[in-house]
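Okay, protein39.txt now, which holds compact mmCIF, C-alpha atoms:
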```txt
# COMPACT_ATOMS: atom_id res chain seq x y z
CA MET A 1 -49.59 -75.05 -8.00
CA THR A 2 -48.74 -77.43 -10.84
CA SER A 3 -46.85 -80.72 -10.77
CA GLN A 4 -44.00 -78.90 -12.53
CA GLY A 5 -43.87 -76.42 -9.63
CA LEU A 6 -43.53 -79.18 -7.02
CA SER A 7 -39.99 -79.51 -5.68
CA PRO A 8 -38.32 -82.95 -6.02
CA ASP A 9 -38.32 -83.42 -2.25
CA ARG A 10 -42.02 -82.58 -1.85
CA ARG A 11 -42.86 -84.80 -4.83
CA LEU A 12 -41.02 -87.75 -3.27
CA ARG A 13 -42.75 -87.24 0.08
CA LEU A 14 -46.16 -86.97 -1.56
CA ILE A 15 -45.70 -90.12 -3.67
CA ASP A 16 -44.25 -92.07 -0.73
CA ALA A 17 -47.24 -91.15 1.46
CA LEU A 18 -49.67 -92.39 -1.21
CA ARG A 19 -47.61 -95.58 -1.62
CA ARG A 20 -48.06 -96.21 2.13
CA GLY A 21 -51.78 -95.44 2.01
CA ALA A 22 -51.39 -92.24 4.04
CA VAL A 23 -52.55 -88.66 3.50
CA PRO A 24 -49.62 -86.52 2.30
CA GLU A 25 -48.56 -83.53 4.37
CA THR A 26 -47.88 -81.27 1.37
CA GLY A 27 -48.92 -80.82 -2.25
CA LEU A 28 -52.57 -81.49 -1.48
CA GLY A 29 -53.74 -78.69 -3.74
CA LEU A 30 -52.72 -80.87 -6.66
CA LEU A 31 -54.96 -83.71 -5.45
CA ALA A 32 -57.99 -81.65 -4.43
CA VAL A 33 -60.54 -83.19 -6.77
CA GLY A 34 -64.02 -81.99 -5.87
CA LEU A 35 -62.90 -79.36 -3.34
CA GLY A 36 -62.99 -76.43 -5.75
CA ARG A 37 -66.53 -75.64 -4.57
CA PHE A 38 -65.11 -74.76 -1.13
CA GLU A 39 -62.10 -72.67 -2.21
CA ALA A 40 -63.72 -69.23 -2.42
CA ALA A 41 -65.52 -69.59 0.91
CA VAL A 42 -62.61 -70.94 2.96
CA ASP A 43 -60.18 -68.44 1.40
CA ALA A 44 -62.51 -65.60 2.39
CA GLU A 45 -62.73 -67.00 5.92
CA LEU A 46 -58.94 -67.33 6.19
CA ASP A 47 -58.55 -63.74 4.98
CA ALA A 48 -61.07 -62.56 7.58
CA VAL A 49 -59.25 -64.43 10.36
CA ALA A 50 -55.95 -62.84 9.24
CA THR A 51 -57.49 -59.41 9.88
CA GLY A 52 -58.65 -60.24 13.40
CA SER A 53 -61.89 -62.18 13.01
CA ALA A 54 -62.53 -65.70 14.27
CA VAL A 55 -64.24 -68.60 12.48
CA PHE A 56 -65.78 -71.88 13.60
CA LYS A 57 -66.47 -74.62 11.05
CA ALA A 58 -67.63 -78.25 11.18
CA VAL A 59 -66.94 -80.84 8.47
CA ARG A 60 -69.04 -83.98 8.22
CA GLY A 61 -68.38 -87.14 6.28
CA GLU A 62 -68.42 -90.90 6.68
CA TYR A 63 -65.24 -92.78 7.56
CA GLY A 64 -62.98 -92.76 4.52
CA SER A 65 -64.77 -89.84 2.85
CA GLY A 66 -61.72 -87.58 2.97
CA LYS A 67 -62.11 -85.53 6.16
CA THR A 68 -58.39 -85.77 6.98
CA PHE A 69 -57.53 -84.84 3.40
CA PHE A 70 -59.83 -81.81 3.60
CA THR A 71 -58.31 -80.57 6.85
CA ARG A 72 -54.75 -80.92 5.56
CA TRP A 73 -55.72 -79.25 2.29
CA LEU A 74 -57.11 -76.36 4.33
CA ALA A 75 -53.96 -76.35 6.50
CA GLU A 76 -51.83 -76.02 3.38
CA ARG A 77 -53.86 -73.01 2.25
CA ALA A 78 -53.53 -71.52 5.74
CA LYS A 79 -49.75 -71.96 5.74
CA GLN A 80 -49.59 -70.14 2.41
CA ARG A 81 -50.96 -67.16 4.37
CA ASN A 82 -48.31 -67.73 7.04
CA PHE A 83 -50.80 -69.13 9.55
CA ALA A 84 -49.71 -71.51 12.26
CA VAL A 85 -51.63 -74.81 12.21
CA ALA A 86 -52.25 -77.64 14.67
CA GLU A 87 -54.13 -80.90 14.15
CA VAL A 88 -55.35 -82.49 17.39
CA GLN A 89 -56.86 -85.97 17.53
CA VAL A 90 -59.66 -86.12 20.09
CA SER A 91 -59.60 -89.35 22.14
CA GLU A 92 -61.01 -90.49 25.44
CA ASN A 93 -57.67 -91.39 27.02
CA GLU A 94 -55.11 -89.06 25.39
CA THR A 95 -57.07 -85.90 24.57
CA PRO A 96 -60.52 -85.83 26.20
CA LEU A 97 -62.41 -82.81 24.92
CA HIS A 98 -63.95 -82.05 28.31
CA LYS A 99 -60.44 -81.28 29.60
CA LEU A 100 -59.40 -78.32 27.49
CA GLU A 101 -55.99 -78.25 29.16
CA THR A 102 -55.15 -81.48 27.31
CA VAL A 103 -56.39 -79.98 24.03
CA TYR A 104 -54.15 -76.93 24.59
CA ARG A 105 -51.21 -79.22 25.42
CA ARG A 106 -51.65 -81.22 22.21
CA LEU A 107 -52.01 -77.94 20.32
CA THR A 108 -48.58 -76.74 21.44
CA GLU A 109 -47.08 -80.18 20.75
CA ARG A 110 -48.53 -80.26 17.22
CA LEU A 111 -48.05 -76.57 16.39
CA ALA A 112 -46.47 -76.11 12.95
CA THR A 113 -45.71 -73.23 10.59
CA SER A 114 -44.57 -73.02 6.99
CA THR A 115 -40.95 -73.01 8.21
CA PHE A 116 -41.05 -75.15 11.37
CA PRO A 117 -42.54 -78.66 11.77
CA PRO A 118 -44.15 -79.70 15.07
CA SER A 119 -43.47 -78.52 17.61
CA ALA A 120 -42.97 -74.94 16.52
CA PHE A 121 -43.96 -73.63 19.95
CA ARG A 122 -40.45 -72.65 21.06
CA PRO A 123 -39.44 -71.01 17.73
CA VAL A 124 -42.67 -68.99 17.85
CA VAL A 125 -42.01 -67.78 21.40
CA ASP A 126 -38.38 -66.94 20.57
CA ALA A 127 -39.50 -65.08 17.44
CA TRP A 128 -41.94 -63.10 19.57
CA PHE A 129 -39.23 -61.93 21.96
CA TYR A 130 -37.05 -61.02 19.00
CA ALA A 131 -39.92 -58.94 17.57
CA LEU A 132 -40.34 -57.19 20.94
CA GLU A 133 -36.62 -56.37 20.98
CA GLU A 134 -36.80 -54.98 17.46
CA ASP A 135 -39.80 -52.83 18.38
CA ALA A 136 -38.06 -51.57 21.52
CA LEU A 137 -34.90 -50.66 19.60
CA ALA A 138 -36.97 -48.96 16.90
CA ALA A 139 -38.61 -46.88 19.65
CA GLY A 140 -35.17 -45.63 20.74
CA ALA A 141 -34.26 -47.96 23.62
CA THR A 142 -30.52 -48.34 24.30
CA ASP A 143 -28.87 -51.68 25.04
CA ASP A 144 -29.01 -50.93 28.77
CA GLU A 145 -32.68 -50.00 28.56
CA LEU A 146 -33.63 -52.96 26.36
CA PRO A 147 -34.66 -55.46 29.09
CA GLN A 148 -37.03 -52.96 30.72
CA ALA A 149 -38.38 -51.82 27.36
CA VAL A 150 -39.10 -55.41 26.30
CA ASP A 151 -40.84 -56.10 29.61
CA GLY A 152 -42.97 -52.99 29.12
CA LEU A 153 -43.98 -54.13 25.65
CA LEU A 154 -44.72 -57.64 26.96
CA THR A 155 -47.04 -56.16 29.59
CA ALA A 156 -48.79 -53.94 27.06
CA ARG A 157 -49.27 -56.64 24.41
CA LEU A 158 -50.63 -59.17 26.91
CA ALA A 159 -52.73 -56.74 28.95
CA GLU A 160 -56.01 -58.25 27.72
CA VAL A 161 -54.75 -61.80 28.29
CA SER A 162 -53.44 -61.00 31.77
CA ARG A 163 -56.92 -60.04 32.94
CA VAL A 164 -58.03 -63.69 32.58
CA ALA A 165 -54.70 -65.59 32.61
CA PRO A 166 -51.98 -63.56 34.39
CA ALA A 167 -49.79 -66.66 34.67
CA PHE A 168 -49.23 -66.64 30.89
CA ALA A 169 -47.28 -63.35 30.94
CA THR A 170 -45.58 -64.31 34.22
CA ALA A 171 -44.28 -67.56 32.70
CA LEU A 172 -43.01 -65.75 29.60
CA ARG A 173 -41.02 -63.38 31.81
CA GLY A 174 -39.64 -66.36 33.72
CA TYR A 175 -38.63 -68.05 30.47
CA ARG A 176 -36.79 -64.94 29.30
CA ARG A 177 -35.01 -64.49 32.66
CA ALA A 178 -33.79 -68.10 32.57
CA GLN A 179 -32.56 -67.65 29.00
CA ASP A 180 -30.72 -64.43 29.82
CA ALA A 181 -29.09 -66.16 32.80
CA GLY A 182 -27.97 -69.06 30.60
CA ASP A 183 -30.07 -71.52 32.62
CA ASP A 184 -31.30 -73.70 29.76
CA ALA A 185 -32.77 -76.40 32.00
CA THR A 186 -35.03 -73.93 33.79
CA ALA A 187 -35.95 -72.22 30.52
CA ASP A 188 -36.97 -75.58 29.03
CA SER A 189 -39.06 -76.43 32.08
CA VAL A 190 -40.83 -73.06 32.13
CA LEU A 191 -41.59 -73.32 28.43
CA ALA A 192 -42.98 -76.82 28.98
CA TRP A 193 -45.27 -75.44 31.71
CA LEU A 194 -46.31 -72.63 29.36
CA GLY A 195 -47.20 -75.30 26.79
CA GLY A 196 -49.52 -77.00 29.27
CA GLN A 197 -47.25 -79.89 30.22
CA PRO A 198 -47.97 -81.35 33.69
CA HIS A 199 -45.47 -82.37 36.37
CA VAL A 200 -42.96 -79.57 35.70
CA ALA A 201 -40.28 -79.34 38.42
CA ALA A 202 -41.39 -77.20 41.36
CA ALA A 203 -38.08 -75.33 41.38
CA ALA A 204 -38.58 -74.17 37.79
CA ARG A 205 -42.13 -73.05 38.54
CA ARG A 206 -40.98 -71.11 41.60
CA SER A 207 -38.24 -69.37 39.64
CA ALA A 208 -40.81 -68.23 37.08
CA GLY A 209 -43.32 -67.18 39.72
CA VAL A 210 -46.03 -69.66 38.75
CA ARG A 211 -47.53 -72.63 40.53
CA GLY A 212 -49.71 -75.65 39.94
CA ASP A 213 -50.66 -77.10 36.56
CA LEU A 214 -52.82 -75.61 33.84
CA ASP A 215 -56.53 -76.35 34.29
CA HIS A 216 -59.58 -76.41 32.01
CA PHE A 217 -60.45 -72.74 32.39
CA GLY A 218 -56.86 -71.50 32.33
CA ALA A 219 -56.41 -73.21 28.96
CA LEU A 220 -58.78 -70.74 27.30
CA GLY A 221 -56.70 -67.84 28.59
CA PHE A 222 -53.48 -69.49 27.43
CA LEU A 223 -54.98 -70.00 23.97
CA GLN A 224 -55.81 -66.31 23.91
CA GLY A 225 -52.20 -65.53 24.86
CA LEU A 226 -50.81 -67.87 22.22
CA LEU A 227 -52.83 -66.09 19.52
CA THR A 228 -51.30 -62.78 20.61
CA VAL A 229 -47.79 -64.23 20.52
CA LEU A 230 -48.43 -65.72 17.07
CA LYS A 231 -49.68 -62.45 15.65
CA ASP A 232 -46.73 -60.42 16.96
CA SER A 233 -44.25 -63.01 15.67
CA GLY A 234 -45.58 -62.74 12.11
CA HIS A 235 -48.38 -65.34 12.05
CA PRO A 236 -51.74 -63.61 11.50
CA GLY A 237 -53.81 -66.61 12.50
CA LEU A 238 -54.01 -70.15 13.87
CA LEU A 239 -55.90 -73.02 12.24
CA LEU A 240 -56.81 -75.48 14.99
CA VAL A 241 -58.30 -78.79 13.82
CA LEU A 242 -60.08 -81.04 16.31
CA ASP A 243 -60.23 -84.31 14.40
CA GLU A 244 -62.41 -87.39 15.03
CA VAL A 245 -64.77 -85.63 17.42
CA GLU A 246 -67.24 -88.47 16.76
CA THR A 247 -65.27 -90.57 19.26
CA LEU A 248 -67.26 -88.71 21.95
CA GLN A 249 -70.16 -91.07 21.17
CA ARG A 250 -68.20 -93.97 22.68
CA VAL A 251 -67.22 -92.44 26.04
CA ARG A 252 -69.09 -92.59 29.35
CA SER A 253 -72.28 -90.51 29.37
CA ASP A 254 -71.02 -88.07 32.02
CA ALA A 255 -67.75 -87.44 30.12
CA ARG A 256 -69.68 -87.15 26.85
CA ASP A 257 -72.00 -84.51 28.28
CA LYS A 258 -69.05 -82.52 29.63
CA ALA A 259 -67.27 -82.75 26.28
CA LEU A 260 -70.32 -81.60 24.32
CA ASN A 261 -70.72 -78.68 26.68
CA ALA A 262 -67.01 -77.83 26.32
CA LEU A 263 -67.50 -77.79 22.53
CA ARG A 264 -70.51 -75.50 22.94
CA GLN A 265 -68.41 -73.24 25.17
CA LEU A 266 -65.60 -73.12 22.60
CA ILE A 267 -68.02 -72.17 19.80
CA ASP A 268 -69.54 -69.41 21.92
CA GLU A 269 -66.10 -68.05 22.83
CA VAL A 270 -65.10 -67.99 19.16
CA HIS A 271 -68.25 -66.13 18.17
CA SER A 272 -67.93 -63.71 21.11
CA GLY A 273 -64.67 -62.33 19.69
CA ARG A 274 -62.44 -63.62 22.48
CA PHE A 275 -60.07 -65.38 20.06
CA PRO A 276 -59.20 -63.00 17.19
CA GLY A 277 -57.06 -64.87 14.69
CA LEU A 278 -58.48 -68.35 15.38
CA TYR A 279 -59.97 -70.66 12.75
CA LEU A 280 -61.43 -73.61 14.69
CA LEU A 281 -62.43 -76.65 12.64
CA ILE A 282 -63.96 -79.90 13.90
CA THR A 283 -64.58 -83.10 11.94
CA GLY A 284 -67.14 -85.81 12.57
CA THR A 285 -69.41 -88.41 11.00
CA PRO A 286 -73.06 -87.71 10.11
CA ALA A 287 -74.02 -89.97 13.02
CA PHE A 288 -72.20 -87.64 15.43
CA PHE A 289 -74.04 -84.58 14.15
CA GLU A 290 -77.46 -86.25 13.78
CA GLY A 291 -77.52 -89.17 16.22
CA PRO A 292 -78.83 -89.27 19.81
CA GLN A 293 -75.35 -89.89 21.32
CA GLY A 294 -73.76 -86.89 19.62
CA VAL A 295 -74.59 -83.25 19.01
CA GLN A 296 -78.36 -83.80 19.34
CA ARG A 297 -77.81 -84.78 22.97
CA LEU A 298 -77.17 -81.12 23.85
CA ALA A 299 -79.88 -78.87 22.40
CA PRO A 300 -77.88 -75.59 22.54
CA LEU A 301 -75.03 -77.25 20.62
CA ALA A 302 -77.39 -78.76 18.05
CA GLN A 303 -78.91 -75.31 17.51
CA ARG A 304 -75.48 -73.77 16.88
CA LEU A 305 -74.52 -76.45 14.35
CA ALA A 306 -77.89 -76.79 12.59
CA THR A 307 -77.46 -76.79 8.78
CA ASP A 308 -79.95 -77.68 6.06
CA PHE A 309 -78.83 -80.73 4.08
CA THR A 310 -82.25 -81.65 2.69
CA THR A 311 -81.56 -80.12 -0.74
CA ASP A 312 -79.40 -81.61 -3.49
CA ALA A 313 -75.75 -81.76 -2.38
CA ARG A 314 -74.84 -79.67 -5.44
CA PHE A 315 -76.46 -76.69 -3.73
CA ASP A 316 -74.82 -77.03 -0.32
CA ASN A 317 -73.76 -73.63 1.04
CA PRO A 318 -69.94 -73.60 1.55
CA ARG A 319 -70.35 -70.59 3.85
CA ALA A 320 -72.54 -72.53 6.28
CA VAL A 321 -71.28 -73.49 9.72
CA GLN A 322 -71.32 -77.16 8.70
CA LEU A 323 -69.93 -78.61 5.46
CA ARG A 324 -70.83 -81.92 3.85
CA LEU A 325 -68.04 -83.59 1.88
CA PRO A 326 -69.34 -84.57 -1.56
CA GLY A 327 -67.90 -88.10 -1.76
CA PHE A 328 -66.10 -89.68 -4.71
CA THR A 329 -67.48 -91.04 -7.97
CA VAL A 330 -65.64 -93.31 -10.39
CA GLU A 331 -65.13 -90.28 -12.63
CA ALA A 332 -63.59 -88.29 -9.77
CA LEU A 333 -61.34 -91.23 -8.86
CA THR A 334 -60.20 -91.43 -12.48
CA GLU A 335 -59.39 -87.71 -12.50
CA LEU A 336 -57.52 -88.07 -9.21
CA GLY A 337 -55.52 -90.98 -10.58
CA GLY A 338 -54.58 -88.93 -13.63
CA ARG A 339 -53.26 -86.14 -11.42
CA VAL A 340 -51.17 -88.59 -9.38
CA ARG A 341 -49.78 -90.12 -12.58
CA ASP A 342 -48.76 -86.65 -13.83
CA ILE A 343 -47.04 -85.88 -10.52
CA TYR A 344 -45.32 -89.27 -10.63
CA VAL A 345 -43.92 -88.86 -14.17
CA SER A 346 -42.78 -85.29 -13.44
CA GLY A 347 -39.88 -86.93 -11.60
CA SER A 348 -39.26 -89.69 -14.15
CA GLU A 349 -36.88 -89.43 -17.07
CA GLY A 350 -37.15 -89.98 -20.84
CA LYS A 351 -38.66 -93.22 -22.00
CA ALA A 352 -39.81 -94.24 -18.52
CA ALA A 353 -42.05 -91.18 -18.28
CA GLU A 354 -43.45 -91.79 -21.79
CA ARG A 355 -44.10 -95.44 -20.97
CA VAL A 356 -46.00 -94.59 -17.75
CA ARG A 357 -48.18 -92.06 -19.58
CA SER A 358 -49.03 -94.41 -22.43
CA VAL A 359 -49.52 -97.63 -20.46
CA VAL A 360 -51.37 -96.12 -17.47
CA ASP A 361 -53.77 -94.05 -19.56
CA ASP A 362 -57.16 -92.68 -18.51
CA SER A 363 -58.93 -95.79 -19.76
CA TYR A 364 -56.86 -98.05 -17.52
CA MET A 365 -57.30 -95.57 -14.63
CA SER A 366 -61.07 -95.89 -14.95
CA ASP A 367 -60.84 -99.69 -14.98
CA LEU A 368 -58.67 -99.70 -11.85
CA ALA A 369 -61.02 -97.28 -10.08
CA ARG A 370 -64.00 -99.53 -10.79
CA ALA A 371 -62.08 -102.62 -9.68
CA VAL A 372 -61.04 -101.08 -6.36
CA ALA A 373 -64.54 -99.76 -5.70
CA GLY A 374 -65.91 -103.21 -6.55
CA SER A 375 -63.59 -104.83 -4.01
CA LEU A 376 -65.15 -102.54 -1.40
CA GLY A 377 -68.71 -103.51 -2.13
CA GLY A 378 -69.16 -100.76 -4.73
CA ARG A 379 -68.69 -98.00 -2.14
CA VAL A 380 -66.71 -95.56 -4.26
CA GLY A 381 -66.77 -92.92 -1.52
CA ILE A 382 -64.31 -94.83 0.67
CA ALA A 383 -62.09 -96.09 -2.19
CA PRO A 384 -59.57 -93.20 -2.68
CA ARG A 385 -56.98 -94.31 -0.12
CA LEU A 386 -56.79 -97.90 -1.36
CA PHE A 387 -57.05 -96.84 -5.01
CA LEU A 388 -54.06 -94.50 -4.74
CA LYS A 389 -52.05 -97.02 -2.73
CA LYS A 390 -52.59 -99.66 -5.43
CA LEU A 391 -52.02 -97.21 -8.26
CA VAL A 392 -48.64 -96.04 -6.98
CA GLY A 393 -47.24 -99.18 -5.36
CA ASP A 394 -48.59 -101.88 -7.65
CA VAL A 395 -48.89 -100.14 -11.01
CA LEU A 396 -46.86 -96.94 -11.50
CA ASP A 397 -43.75 -98.23 -9.71
CA ARG A 398 -43.73 -101.42 -11.78
CA VAL A 399 -44.38 -99.72 -15.12
CA GLU A 400 -41.54 -97.28 -14.47
CA GLN A 401 -39.04 -99.97 -13.43
CA PHE A 402 -39.88 -102.82 -15.83
CA GLU A 403 -40.05 -102.06 -19.54
CA ASP A 404 -42.19 -105.10 -20.38
CA PHE A 405 -44.69 -104.74 -17.50
CA ASP A 406 -48.24 -104.19 -18.71
CA PRO A 407 -50.82 -103.96 -15.88
CA ARG A 408 -53.57 -105.16 -18.22
CA LYS A 409 -51.70 -108.43 -18.75
CA HIS A 410 -49.51 -108.88 -15.69
CA TYR A 411 -51.50 -107.38 -12.82
CA ALA A 412 -54.70 -108.53 -11.18
CA LEU A 413 -56.02 -106.49 -8.28
CA THR A 414 -55.67 -108.27 -4.95
CA VAL A 415 -56.98 -106.91 -1.66
CA THR A 416 -56.15 -108.52 1.70
CA ASP A 417 -57.68 -107.85 5.11
CA ALA A 418 -54.31 -106.79 6.49
CA GLU A 419 -54.08 -103.72 4.26
CA LEU A 420 -57.62 -102.48 4.89
CA THR A 421 -58.91 -100.07 7.50
CA GLY A 422 -61.86 -101.15 9.63
CA THR A 423 -64.33 -99.26 7.44
CA GLU A 424 -62.85 -100.71 4.24
CA ARG A 425 -62.92 -104.20 5.72
CA ASN A 426 -66.59 -103.89 6.60
CA ALA A 427 -67.37 -102.66 3.09
CA ALA A 428 -65.42 -105.51 1.53
CA ALA A 429 -67.22 -108.06 3.68
CA GLY A 430 -70.60 -106.69 2.64
CA SER A 431 -73.65 -106.55 4.85
CA ALA A 432 -76.50 -108.87 5.71
CA ASP A 433 -78.69 -106.98 3.23
CA ASP A 434 -76.34 -108.10 0.44
CA VAL A 435 -76.87 -111.80 1.19
CA GLU A 436 -79.55 -113.50 -0.89
CA LEU A 437 -81.54 -115.95 1.22
CA PRO A 438 -83.46 -118.87 -0.36
CA LEU A 439 -87.05 -118.60 0.78
```
Would you mind giving the structure from this file in structure tokens?
Amino acid sequence: MTSQGLSPDRRLRLIDALRRGAVPETGLGLLAVGLGRFEAAVDAELDAVATGSAVFKAVRGEYGSGKTFFTRWLAERAKQRNFAVAEVQVSENETPLHKLETVYRRLTERLATSTFPPSAFRPVVDAWFYALEEDALAAGATDDELPQAVDGLLTARLAEVSRVAPAFATALRGYRRAQDAGDDATADSVLAWLGGQPHVAAAARRSAGVRGDLDHFGALGFLQGLLTVLKDSGHPGLLLVLDEVETLQRVRSDARDKALNALRQLIDEVHSGRFPGLYLLITGTPAFFEGPQGVQRLAPLAQRLATDFTTDARFDNPRAVQLRLPGFTVEALTELGGRVRDIYVSGSEGKAAERVRSVVDDSYMSDLARAVAGSLGGRVGIAPRLFLKKLVGDVLDRVEQFEDFDPRKHYALTVTDAELTGTERNAAAGSADDVELPL
């Protein structure tokens, strides 16, 4: 993809996200400075998943090192292959990892495809039933025979799932019955139950032939069923991102141990072949992977995630189970800024575009990168978010709108606590080691 190939709408959304200091949802391939080393490996893994394999991957990096950017960059590549994607934030209160039913629920809430934003769960299920109808008609079923033919195909396609989670197929039948009867309220309730939502009306559950709420173990079966539905509805795989797994270090010890064991169980299930079409990615800080309150607390999990990072980072293996993000340099920040400038001016006109290119040249970009990194205690690795926010909102916007604005003369970098994340604030404040004491 080039900046010229970016649609005006996607360009506006990308620039607006950077102006707000957020990670854009689209167009990340244009901003992927330093990720080229991972392209061949992750593309090969996505291709393998599309043909029925399953992959587990872990990404490590300090706060602000670009883990969210990496996962959304990977999600964009997955969507180009027509994968479904879901990004789930792990948290003690909202999505505890030791309760996989909550993870499955967030998955269905955050499910997205290249054509449907979250939640794409209902469109995917409806597309699946449409595909079953098309297959039944292609096999010679008449209109009168269609309901029975579709039910037969449903049973056959979910036979493997029904051995471990029979309620999944039962709920799908209940959803279809309610739809055919024109009972939208019941259909909505049954679909909510199928998506792992609790407290669904008892009457709707009875009409579908299911009972109770989804539990930890049932969630694995429902995930298996969802992968089958996705594949038959035209999506060869699912990229599931479990973000900020390092938050497990801050929960009660009993909950932490259960969560680490649940993660170990998920990895083993992926490697056992239970989830064909699943690409499972987790993100965490080095402290989570190496510290006593994280992965190292559970020896079997530490063994599964063990990766050699003792060599020069240039020689990290992108095919390994764990990836280390390289971190930014001033040179990489300058290159990134140049790419953003090119995207920005691709939507400008005439003299304004020429003025932005000439005034905000690579030399100024390098100066701004060094200034932003300096405001964060010289920690270039956590500077990209703030650098891009300042570049777009304080520099590019002004140069485009005001003919006589020159950032070298009229702009001095200012950074306030209110606009910083916690990590950036700590970096800006410095540490005790930075303070020179008179002895």
- Message: Report as a ChimeraX atom specification all protein, DNA and RNA residues lying within 8 Å of Phe387 (chain A), evaluated on all atoms listed in the file, omitting residues in the same chain fewer than 2 positions from it.
- Response: /A:368-369,372,383-385,389-391
- Shell around region 198-215 of chain A at 10 Å using only C-alpha atoms, local window under 6 positions removed, as a PyMOL selection string: chain A and resi 99-102+104-105+166-168+170-178+185-192+222
- Query: Counting only C-alpha atoms, what is within 12 Å of Val55 (chain A), bar same-chain residues fewer than 2 positions away, as an NGL selection string?
  - Reply: :A and (41-53 or 57-58 or 237-241 or 266-282 or 319-322)
- Message: Which polymer residues, whether protein, DNA or RNA, lie within 12 Å of the coordinate (-54.9, -83.9, -15.3) when you count all atoms listed in the file? List them as a VMD selection string, using the chain letters and numbers from the file.
- Response: chain A and resid 2 to 3 30 to 33 332 to 344 357 361 to 362 365
- Task: Select, from A:Ala127, A:Ala262, A:Ala287, A:Ala418, the residue with the minimum atom-to-atom distance to Leu301 (chain A), counting only C-alpha atoms.
- Result: A:Ala262
- Looking at only C-alpha atoms, which of A:Glu92, A:Ile382, A:Asp254, A:Ser363 is the one that sits closest to Thr421 (chain A)?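 Closest residue, counting only C-alpha atoms: A:Ile382.
For the residues A:Val359, A:Pro300, A:Pro24, A:Lys79, ranking by smallest atom-to-atom distance to Gln265 (chain A) using only C-alpha atoms places A:Pro300 first.
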Name all residues at most 10 Å from Ser65 (chain A) (count all atoms listed in the file; drop same-chain ones fewer than 3 positions away) and give them as a compact mmCIF listing (two decimals) with C-alpha atoms, in the coordinates of the input.
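After the write, part.txt holds the following:
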```txt
# COMPACT_ATOMS: atom_id res chain seq x y z
CA ARG A 60 -69.04 -83.98 8.22
CA GLY A 61 -68.38 -87.14 6.28
CA GLU A 62 -68.42 -90.90 6.68
CA THR A 68 -58.39 -85.77 6.98
CA PHE A 69 -57.53 -84.84 3.40
CA PHE A 70 -59.83 -81.81 3.60
CA THR A 285 -69.41 -88.41 11.00
CA LEU A 325 -68.04 -83.59 1.88
CA PRO A 326 -69.34 -84.57 -1.56
CA GLY A 327 -67.90 -88.10 -1.76
CA PHE A 328 -66.10 -89.68 -4.71
CA VAL A 380 -66.71 -95.56 -4.26
CA GLY A 381 -66.77 -92.92 -1.52
CA ILE A 382 -64.31 -94.83 0.67
CA ALA A 383 -62.09 -96.09 -2.19
CA PRO A 384 -59.57 -93.20 -2.68
CA ARG A 385 -56.98 -94.31 -0.12
```
- Item | Distance in Å - CA of Val395 (chain A) versus CA of Ser366 (chain A) |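 Straight-line distance from CA of Val395 (chain A) to CA of Ser366 (chain A) works out to 13.5 Å.
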- Task: Pick out the closest residue to Thr113 (chain A) from this set: A:Gly350, A:Gly234, A:Gly393, A:Gly378. Count all atoms listed in the file.
- Result: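 So, comparing all the options, the nearest one is A:Gly234.
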